[in-house]
Amino acid sequence: MAIEPVLFYFFAIVLVAASAAVITVPNSVHAVLFLVLAFFTSAGLWLLLEAEFLAITLVLVYVGAVMVLFLFVVMMLDINVEPTREGFIKNLPIGIIVALIMMVEIVLVVWPNFGLQSYGAPVPHAANYSNTKELGYVLYTVYLYAFELAAAILLLAIVAAIMLTLRRRPNSKYQDPGQQVLARKADRLRIVKMESSPRSAPGSNPGEES
């Protein structure tokens, strides 16, 4: 018996269980850790599809950087999740309806092309085959405009995030670069002319009159 189907079903079961635990566990730190587990199992599925570059990118970028940042933020903020859980039962029917609509949409998109009969067997490649090179070739030729559009959207999101967080606080000190550039020497420096006073003799008291 081939080992690939066993590994696929193992990773798939762990991935579904970890994804369900992300939205069901009460502790936010545990939810982040389950999300890390989901990313690891997704990387395993990518390896089975011979997409080593995507698998290692998923582990290095998401697990090694993004999820660690999420974990640190969740641990440092210590968010009180009790107020967010209020009204859960009241909004549960609406959530179930939205979930069912999303499930129907996914089934309608996936079902016509679902199954092994819709796809041929993967083409065997040589040992020196680089899927990273092939991925880069397709990304920068066929999907070049989509790639540039995604880059512009990400740049816009970064600028919007900076503008949303860059707000003035009444009790904080900050510098205005525009006012600093317009500064003049006459506004910052004042020269005062004073007459020199005679030096008193050694041992004499300046306050006494001769």
# chains A, B, ... in the order shown; residues from 1 in each chain; ligands from 1

call {"tool": "residues_around", "arguments": {"residues": "Ser19 (chain A)", "least_positions_apart": "4", "cutoff": "8 Å", "atoms": "only C-alpha atoms", "output": "list in words"}}
result
Leu15, Ile23, Phe34, Leu35 and Ala38 of chain A

call {"tool": "atom_distance", "arguments": {"atom1": "CA of Ile94 (chain A)", "atom2": "CA of Ala18 (chain A)"}}
result
24.0 Å

call {"tool": "atom_distance", "arguments": {"atom1": "CA of Phe70 (chain A)", "atom2": "CA of Leu37 (chain A)"}}
result
14.1 Å

call {"tool": "closest_residue", "arguments": {"among": "A:Glu52, A:Ala146, A:Leu47, A:Val110", "to": "Tyr129 (chain A)", "atoms": "only C-alpha atoms"}}
result
A:Glu52

call {"tool": "select_by_dssp", "arguments": {"residues": "region 17-195 of chain A", "states": "alpha helix (DSSP H)", "output": "PyMOL selection string"}}
result
chain A and resi 17-22+28-48+52-57+67-77+88-110+131-139+144-165+177-181+185-188

call {"tool": "closest_residue", "arguments": {"among": "A:Ala17, A:Leu155, A:Val142, A:Gly178", "to": "Ala31 (chain A)", "atoms": "only C-alpha atoms"}}
result
A:Ala17

call {"tool": "closest_residue", "arguments": {"among": "A:Ile162, A:Val36, A:Ile96, A:Gly136", "to": "Ala65 (chain A)", "atoms": "only C-alpha atoms"}}
result
A:Val36

call {"tool": "atom_distance", "arguments": {"atom1": "CA of Ser130 (chain A)", "atom2": "CA of Pro5 (chain A)"}}
result
24.0 Å

call {"tool": "decode", "arguments": {"residues": "region 47-60 of chain A", "atoms": "all heavy atoms", "output": "compact mmCIF listing (two decimals), in the first residue's frame"}}
result
# COMPACT_ATOMS: atom_id res chain seq x y z
N LEU A 47 3.73 19.55 0.46
CA LEU A 47 4.83 18.63 0.14
C LEU A 47 4.35 17.42 -0.64
O LEU A 47 5.03 16.94 -1.54
CB LEU A 47 5.53 18.20 1.43
CG LEU A 47 6.40 19.25 2.14
CD1 LEU A 47 6.93 18.70 3.45
CD2 LEU A 47 7.55 19.71 1.24
N LEU A 48 3.18 16.93 -0.29
CA LEU A 48 2.62 15.80 -1.04
C LEU A 48 2.31 16.18 -2.49
O LEU A 48 2.33 15.33 -3.38
CB LEU A 48 1.36 15.29 -0.35
CG LEU A 48 1.55 14.61 1.00
CD1 LEU A 48 0.21 14.20 1.58
CD2 LEU A 48 2.46 13.40 0.87
N LEU A 49 2.02 17.46 -2.72
CA LEU A 49 1.75 17.94 -4.08
C LEU A 49 3.02 18.36 -4.83
O LEU A 49 2.93 18.96 -5.90
CB LEU A 49 0.78 19.12 -4.03
CG LEU A 49 -0.63 18.82 -3.54
CD1 LEU A 49 -1.45 20.08 -3.40
CD2 LEU A 49 -1.32 17.84 -4.47
N GLU A 50 4.19 18.06 -4.24
CA GLU A 50 5.48 18.40 -4.81
C GLU A 50 5.65 19.91 -4.96
O GLU A 50 6.29 20.39 -5.91
CB GLU A 50 5.68 17.71 -6.16
CG GLU A 50 5.70 16.20 -6.08
CD GLU A 50 5.96 15.55 -7.42
OE1 GLU A 50 6.12 16.30 -8.41
OE2 GLU A 50 6.00 14.32 -7.48
N ALA A 51 5.08 20.66 -4.04
CA ALA A 51 5.25 22.12 -4.02
C ALA A 51 6.09 22.49 -2.80
O ALA A 51 5.60 23.03 -1.82
CB ALA A 51 3.90 22.82 -3.99
N GLU A 52 7.37 22.14 -2.90
CA GLU A 52 8.25 22.34 -1.75
C GLU A 52 8.44 23.82 -1.41
O GLU A 52 8.55 24.19 -0.25
CB GLU A 52 9.62 21.70 -2.01
CG GLU A 52 9.60 20.18 -2.13
CD GLU A 52 9.25 19.73 -3.53
OE1 GLU A 52 9.08 20.61 -4.39
OE2 GLU A 52 9.16 18.51 -3.75
N PHE A 53 8.49 24.65 -2.45
CA PHE A 53 8.69 26.08 -2.21
C PHE A 53 7.54 26.67 -1.42
O PHE A 53 7.74 27.44 -0.47
CB PHE A 53 8.86 26.81 -3.55
CG PHE A 53 8.98 28.30 -3.41
CD1 PHE A 53 10.16 28.87 -2.97
CD2 PHE A 53 7.91 29.12 -3.72
CE1 PHE A 53 10.27 30.25 -2.83
CE2 PHE A 53 8.01 30.49 -3.59
CZ PHE A 53 9.20 31.07 -3.15
N LEU A 54 6.30 26.34 -1.80
CA LEU A 54 5.14 26.86 -1.08
C LEU A 54 5.10 26.32 0.34
O LEU A 54 4.71 27.03 1.29
CB LEU A 54 3.86 26.49 -1.82
CG LEU A 54 3.68 27.12 -3.21
CD1 LEU A 54 2.38 26.63 -3.84
CD2 LEU A 54 3.70 28.63 -3.12
N ALA A 55 5.51 25.07 0.53
CA ALA A 55 5.50 24.49 1.87
C ALA A 55 6.49 25.19 2.79
O ALA A 55 6.16 25.56 3.92
CB ALA A 55 5.81 22.99 1.78
N ILE A 56 7.71 25.38 2.31
CA ILE A 56 8.72 26.02 3.17
C ILE A 56 8.40 27.49 3.36
O ILE A 56 8.68 28.07 4.43
CB ILE A 56 10.13 25.82 2.56
CG1 ILE A 56 11.20 26.12 3.60
CG2 ILE A 56 10.32 26.66 1.33
CD1 ILE A 56 11.20 25.23 4.79
N THR A 57 7.79 28.12 2.37
CA THR A 57 7.37 29.52 2.54
C THR A 57 6.27 29.63 3.58
O THR A 57 6.26 30.56 4.40
CB THR A 57 6.88 30.09 1.20
OG1 THR A 57 7.91 29.98 0.23
CG2 THR A 57 6.48 31.55 1.34
N LEU A 58 5.34 28.68 3.57
CA LEU A 58 4.27 28.70 4.57
C LEU A 58 4.82 28.55 5.98
O LEU A 58 4.37 29.21 6.92
CB LEU A 58 3.28 27.58 4.26
CG LEU A 58 2.03 27.49 5.14
CD1 LEU A 58 1.19 28.75 5.00
CD2 LEU A 58 1.21 26.26 4.78
N VAL A 59 5.84 27.69 6.13
CA VAL A 59 6.42 27.48 7.46
C VAL A 59 7.26 28.67 7.89
O VAL A 59 7.14 29.17 9.03
CB VAL A 59 7.25 26.19 7.47
CG1 VAL A 59 8.00 26.04 8.78
CG2 VAL A 59 6.36 24.98 7.24
N LEU A 60 8.11 29.18 7.00
CA LEU A 60 9.03 30.25 7.38
C LEU A 60 8.31 31.58 7.57
O LEU A 60 8.56 32.30 8.54
CB LEU A 60 10.11 30.40 6.32
CG LEU A 60 11.12 29.25 6.21
CD1 LEU A 60 12.13 29.53 5.11
CD2 LEU A 60 11.82 29.03 7.53
